[in-house]
Structure formats: C-alpha cells, structure tokens
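Engineer: Have a look at this one before I ask anything.
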Amino acid sequence: MKALVLRALALAMVGLFLQGPAALAQEPESPPVQPVASPASATVLKWGADGTSNVPYTFHDPSDENRMSGFEYDIMEEIGRRLGRESQFVQNDWDGLIPGLQRNFYEMVICGIEMTPEHMDAVDFSQPYYMTSERIVVRRDQAGLDSYERLGGHVIGTVKDTLAERMMGERHDITVRGYDEESNMFADLRNKRLDAILIDGPIALFYGEADPDFRIVGPPVGHLSYGIAFAKGANIELRHQVDAALKAMVADGTLHRILARWNLWTPEMAAWTGDYSEPGVAPTEWQRYIAATMPTQGWRARLKRYVSFLPLIGKGAVMTLAVSACAMVLAVALGLVLALARRYGPTWVAMLATLYIEIVRGTPLLIQILFIFYGLPGLGIRLSPFVAGVIGLGLNYAAYEAENYRAGLQSVARGQMEAATALNMTHTQALRYVVVPQAFRVVVPVMTNDFISLLKDSSLVSIITLTELSQTYVRLSSTYFDYFGTGLMVGGAYLLLGLPFVRLARMAERRLAVSERRSGAHH
C-alpha cells in the first residue's frame with residue numbers, strides 16, 4: 001500500500017510539537033460463536049481505513065456508492081460480531097490514519113499495512129490476517145518482462161515505502177518510480193510511461209487483471225503479511241481479543257471463506273494456516289466487482305454511468321460550497337479586524353496583527369489544516385472535520401483579506417476621518433460609517449476573486465476526511481479507471497460553483513466604475 005511510516009511521522013510531528021457483502025445462499029454460514037467477554041462489549045468498535053481509492057481492501061461499492069465493501073471490511077464486520085460489538089468504519093485519508101489512531105479517533109487501523117520492521121516500530125500489530133506476495137503487471141500486448149530477474153534495464157512502478165520498492169531499490173539496474181496512488185501508477189503503465197509494475201497481489205489482481213488493458217505475469221515475488229495496527233502500547237486487551245477472533249476465524253474456516261469470495265485465497269495463506277481445503281465458495285465479490293467496473297460499451301452506457309455519478313458529485317459540490325462559504329465569512333470578519341488593528345490600533349496590537357499575518361502567509365495551508373485537526377487534540381481541543389476545515393481555511397484567508405482591507409483603508413483620504421470627527425463622531429463611529437464603507441467598496445472585486453480561490457483551495461480539506469469535490473473525483477476515477485470523463489464532470493462542477501461569483505465580481509466592478517464616474521462628474 002502507501003507510504004505509511006514516513007508520511008505518518010510527518011503528520012505526527014504536529015503532536016510531537018505540542019507534546020501533548022453478501023455471500024451466495026448456498027454458502028456455508030459462519031458457525032455460531034460466543035462474544036468475547038469485554039467491559040466494552042456494548043460499545044461501538046471503531047476502526048479506521050482510507051476507503052477513497054482502496055480496492056479491494058475497504059472501498060465504496062461501485063454498484064452502490066453509498067455502501068462500503070472490501071475483504072478487509074468483511075473481516076472487520078466478522079471480528080465485531082465475534083467481540084459482541086457493532087463494527088463502525090471511520091474514513092480517514094491515508095496520511096492521517098496513524099495520527100488519527102494516536103489521537104483515539106478509532107481503536108485500530110486495517111488498510112493493507114505491511115508488517116515490516118519499520119512499521120512495527122511505529123505501531124503494534126495483531127497477528128497477520130493476510131499473506132501474499134508481489135506480482136508483476138504489464139500491458140496486455142507486452143512480452144518479455146515475465147520474471148523479477150528480467151525487470152533490469154526498465155522503468156518499474158510501485159507504491160512508495162513498500163516491500164516492492166525496497167526490493168527494487170537494492171538493484172541498480174532498475175529505475176524505480178514510487179507512487180502515492182495505485183490508480184495513477186496504472187494510468188502511467190497504460191500510457192507507456194512505465195514498462196511494468198511490481199505490486200502487492202491484491203492490488204495486482206483488482207487493478208491489473210480486472211482491467212482488459214493489463215495482465216499479471218511471472219511467478220510470485222517475495223513474501224509479505226498484513227496486520228491490524230494499534231497505537232503503540234495502547235489497547236493491549238483489545239489487541240489480544242482481536243488476535244483470538246482471528247485465530248478462531250482461521251480455525252473454523254471463516255477467514256478462508258471471506259477471502260475466497262474475493263478471489264484472494266493465496267498459497268501463502270494456505271501454507272500459514274495449514275488450510276488446503278476447497279470450501280466450494282464462489283468468488284462472488286470478485287465477479288460483482290468485475291461486472292460493476294467493466295468498460296462501458298457505447299455512448300448510451302457511458303452516459304448512463306455518468307448520470308449515476310451526479311448525486312455523488314452533487315453531494316461533493318454542496319460540501320465544497322458549505323465549507324468555502326463558512327470559511328469566507330470567517331475570513332472577511334477576522335480580516336477586517338486584523339486590518340483595523342494594524343492600521344488604527346495601539347502599537348502592540350498592530351504588532352500582534354502583523355505577526356499573525358506574516359506567520360499565516362509564511363506557512364502552507366495544508367500544514368495549518370493538519371495542525372488544527374491533529375495537533376489541537378494534544379491540547380484537549382477536538383474539532384469535527386467540517387469545523388476544522390472551516391477554521392483552517394478561514395484563518396488562512398483572513399491574513400490575505402486583512403492585507404486587501406488594509407490597502408482599501410489606505411486608499412481612503414485622511415480628510416474623511418477628520419471630517420467625520422469634525423461632525424462630532426467618535427473614532428469608532430467614523431470608522432464604521434465613513435472609512436470602512438469606502439474601503440469596503442474598493443476591495444469587493446478582490447474579495448469575490450478570493451472566494452473563487454478559496455473554492456479551489458477547499459480541496460485540501462479532503463486530508464481530514466471531508467468528502468468534497470476533489471475527493472469525489474479521486475473515488476470515482478480510481479474505481480472506474482475513467483479520469484477523462486469524470487474529470488470533466490468534476491471540473492464542470494467547480495466551474496458552475498465559481499461562475500456566479502465571477503459575475504458578482506464583474507457587477508461590483510461596473511457599479512464602482514459608474515459610481516466613480518458620477519462622483520467625478522459631480523465634482
């Protein structure tokens with residue numbers, strides 16, 4: 001899977017800084033089990049994963065995007081049943097899975113995490129629940145790269161910080177390209193930017209063999225195990241209960257049946273469990289996934305699929321607009337306060353406002369959002385993803401709005417303040433009724449342009465689990481391997497959201513131009 005440790009540690013630095021699926025009817029049912037006694041048996045069993053582009057681990061069912069699916073999802077449902085607790089999936093971006101675990105957003109993470117020595121230093125693992133190997137994927141019409149030894153002299157893609165990347169990194173005759181997203185890697189193979197891919201078996205099967213443009217070649221390479229991750233030194237009792245549940249699932253064949261439904265039972269699993277039986281379970285989930293994602297034939301079928309995307313894109317657009325609008329209200333209000341404080345406040349207040357503006361403008365917005373969502377819990381401040389996104393965007397744009405307003409305030413002649421004072425207005429009244437309205441008229445066009453920029457920057461809130469337009473695009477494009485049509489639809493949604501504000505900016509500019517001409521004619 002993806003780069004867990006390095007990226008997780010980068011996010012966790014915030015905390016360090018603060019210190020602070022259905023089977024066939026004839027399929028044999030799982031035997032009845034007694035729930036493991038637990039003081040928390042009545043509570044919800046929360047577990048985290050990145051279900052955005054995570055086939056076949058935990059992902060949105062292509063035939064019903066509102067339903068979660070995946071072999072890991074099925075495993076967690078069964079573990080929850082055996083522990084007598086309701087299993088609850090918690091979505092988090094891959095970058096935030098381990099920081100979220102450390103902040104107790106959920107009790108465990110299951111997301112195809114390889115049990116490498118580096119990962120074991122960062123988290124505690126359950127016993128393995130899946131074993132597999134690396135596989136080579138090439139284009140359907142390719143020949144020759146059918147073994148690990150023959151990869152020399154070629155450009156090979158894989159996911160960052162995985163066994164495959166480490167293996168190829170030891171060979172000087174292979175040019176390795178690491179990716180964060182599997183879908184991007186397979187797109188490069190299709191477009192001949194890569195000669196082949198070396199990747200985990202489940203990904204090779206569902207992204208490679210399931211696509212008519214690719215095929216898996218050669219014998220398995222290497223050996224890897226997946227485990228359920230727990231925060232280091234925490235939830236020890238729960239980890240033992242999960243281990244017991246996994247052992248029971250191996251002993252009674254439940255794990256074998258789950259993996260068989262997904263066409264994922266491997267020789268490595270048979271050797272590890274000693275289960276060489278044939279349960280007679282059809283690969284129903286594999287077949288259903290193939291049927292749901294197979295390329296559409298004809299423009300009518302493609303149009304029908306695109307129409308089915310509209311509700312999801314609509315939901316993403318609503319979330320994007322809601323976050324952006326709330327953040328802009330915060331940015332306008334705080335920006336005005338900062339501008340007034342910097343221009344008219346006491347020296348120490350002006351210095352504080354200047355310091356805030358320079359710090360915010362000098363640090364990346366992404367870091368600020370991560371700090372608010374993952375860092376503040378270290379101080380006991382826990383915010384929902386929506387509130388954290390609004391605050392992060394609002395505080396950031398407030399610094400830029402403050403500079404716009406300060407320029408607007410400076411454009412108002414000093415005589416306006418003096419005239420207002422001569423009319424017996426207080427300083428506050430002069431600012432409220434005379435200076436600020438004139439300055440505000442100057443910055444309205446700039447403010448509407450900033451809102452359009454904020455709409456696009458709202459894509460960054462996907463890092464803290466909000467499913468807005470950009471996250472919707474990643475989910476749909478990686479599920480159906482359609483980046484062009486889906487990209488046009490999502491790009492169109494952004495355009496439709498921004499167009500009204502473009503028109504508003506032009507209307508404001510025309511009004512101001514007319515107002516200025518009338519004022520000049522009057523004089």
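Letters A, B, ... mark the chains of the structure tokens in the order given; residue numbers begin at 1 per chain; ligand numbers begin at 1, in order shown.
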Using only C-alpha atoms, which residues sit within 8 Å of Tyr400 (chain A) once same-chain residues fewer than 6 positions away are excluded, as a list of chain:residue names?
Structural biologist: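 My list of contacting residues is A:Gly335, A:Ile357, A:Arg361.
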Engineer: Measuring between only C-alpha atoms, which one of A:Ala234, A:Val281, A:Ile463, A:Ala402 shows the shortest distance to Val332 (chain A)?
Structural biologist: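 Distance minimum relative to Val332 (chain A) lands on A:Ala402.
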Engineer: Rounded to one decimal place, report the CA of Glu78 (chain A)-CA of Glu65 (chain A) distance in Å.
Structural biologist: 21.7 Å
Engineer: What does the distance from CA of Leu395 (chain A) to CA of Val490 (chain A) come to in Å, to one decimal?
Structural biologist: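 Separation between CA of Leu395 (chain A) and CA of Val490 (chain A): 26.6 Å.
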Engineer: What's around region 435-448 of chain A at 6 Å? Count only C-alpha atoms, leave out sequence neighbours fewer than 3 positions away in its own chain, and write the answer as a PDB file with all heavy atoms, in the first residue's frame.
Structural biologist:
ATOM      1  N   GLY A 408      -7.301  48.921   1.129  1.00  0.00           N
ATOM      2  CA  GLY A 408      -8.515  49.703   0.950  1.00  0.00           C
ATOM      3  C   GLY A 408      -8.602  50.847   1.936  1.00  0.00           C
ATOM      4  O   GLY A 408      -8.988  51.967   1.574  1.00  0.00           O
ATOM      5  N   LEU A 409      -8.237  50.602   3.174  1.00  0.00           N
ATOM      6  CA  LEU A 409      -8.259  51.657   4.197  1.00  0.00           C
ATOM      7  C   LEU A 409      -7.269  52.762   3.867  1.00  0.00           C
ATOM      8  O   LEU A 409      -7.540  53.953   4.074  1.00  0.00           O
ATOM      9  CB  LEU A 409      -7.952  51.054   5.572  1.00  0.00           C
ATOM     10  CG  LEU A 409      -9.020  50.130   6.164  1.00  0.00           C
ATOM     11  CD1 LEU A 409      -8.487  49.424   7.403  1.00  0.00           C
ATOM     12  CD2 LEU A 409     -10.287  50.908   6.505  1.00  0.00           C
ATOM     13  N   LEU A 431     -14.987  55.272  11.774  1.00  0.00           N
ATOM     14  CA  LEU A 431     -14.544  54.077  11.060  1.00  0.00           C
ATOM     15  C   LEU A 431     -15.743  53.310  10.503  1.00  0.00           C
ATOM     16  O   LEU A 431     -15.742  52.858   9.354  1.00  0.00           O
ATOM     17  CB  LEU A 431     -13.728  53.180  11.990  1.00  0.00           C
ATOM     18  CG  LEU A 431     -12.319  53.658  12.353  1.00  0.00           C
ATOM     19  CD1 LEU A 431     -11.706  52.741  13.395  1.00  0.00           C
ATOM     20  CD2 LEU A 431     -11.445  53.700  11.105  1.00  0.00           C
ATOM     21  N   ARG A 432     -16.777  53.161  11.333  1.00  0.00           N
ATOM     22  CA  ARG A 432     -17.930  52.329  10.960  1.00  0.00           C
ATOM     23  C   ARG A 432     -18.750  52.940   9.830  1.00  0.00           C
ATOM     24  O   ARG A 432     -19.174  52.222   8.915  1.00  0.00           O
ATOM     25  CB  ARG A 432     -18.806  52.104  12.180  1.00  0.00           C
ATOM     26  CG  ARG A 432     -20.044  51.267  11.898  1.00  0.00           C
ATOM     27  CD  ARG A 432     -20.864  51.065  13.159  1.00  0.00           C
ATOM     28  NE  ARG A 432     -22.084  50.318  12.872  1.00  0.00           N
ATOM     29  CZ  ARG A 432     -23.031  50.045  13.783  1.00  0.00           C
ATOM     30  NH1 ARG A 432     -22.861  50.478  15.043  1.00  0.00           N
ATOM     31  NH2 ARG A 432     -24.104  49.371  13.440  1.00  0.00           N
ATOM     32  N   PHE A 451     -12.765  34.506  -3.013  1.00  0.00           N
ATOM     33  CA  PHE A 451     -13.699  33.421  -2.711  1.00  0.00           C
ATOM     34  C   PHE A 451     -13.597  32.311  -3.752  1.00  0.00           C
ATOM     35  O   PHE A 451     -13.682  31.126  -3.418  1.00  0.00           O
ATOM     36  CB  PHE A 451     -15.136  33.942  -2.645  1.00  0.00           C
ATOM     37  CG  PHE A 451     -16.139  32.868  -2.310  1.00  0.00           C
ATOM     38  CD1 PHE A 451     -16.215  32.345  -1.029  1.00  0.00           C
ATOM     39  CD2 PHE A 451     -16.987  32.356  -3.281  1.00  0.00           C
ATOM     40  CE1 PHE A 451     -17.123  31.348  -0.712  1.00  0.00           C
ATOM     41  CE2 PHE A 451     -17.897  31.362  -2.984  1.00  0.00           C
ATOM     42  CZ  PHE A 451     -17.978  30.855  -1.692  1.00  0.00           C
ATOM     43  N   ALA A 505     -18.366  39.608  -9.177  1.00  0.00           N
ATOM     44  CA  ALA A 505     -17.185  40.480  -9.197  1.00  0.00           C
ATOM     45  C   ALA A 505     -17.286  41.496 -10.331  1.00  0.00           C
ATOM     46  O   ALA A 505     -16.967  42.677 -10.168  1.00  0.00           O
ATOM     47  CB  ALA A 505     -15.921  39.635  -9.348  1.00  0.00           C
TER      48      ALA A 505
END
Engineer: Would you list the contacts of Phe125 (chain A) as a list in words, taking every protein, DNA or RNA residue within 7 Å and counting only C-alpha atoms, but skipping same-chain residues closer than 4 positions in sequence?
Structural biologist: Met120, Gly227, Ile228, Ala229 and Phe230 of chain A
Engineer: Skipping near chain neighbours, those fewer than 4 positions away, what residues fall within 9 Å of Gly70 (chain A) using only C-alpha atoms, listed as a ChimeraX atom specification?
Structural biologist: /A:21,54-61,74-75,262,285
Engineer: What lies within 10 Å of Thr266 (chain A) using only C-alpha atoms, ignoring chain neighbours under 5 positions off, as a ChimeraX atom specification?
Structural biologist: /A:130-133,201-202,256,259-260,271-272
Engineer: Enter the distance from CA of Phe501 (chain A) to CA of Lys456 (chain A), in Å, rounded to one decimal.
Structural biologist: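 It comes out at 13.0 Å.
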Engineer: Measuring between only C-alpha atoms, which one of A:Leu303, A:Met328, A:Ile216, A:Ala353 shows the shortest distance to Leu340 (chain A)?
Structural biologist: A:Ala353
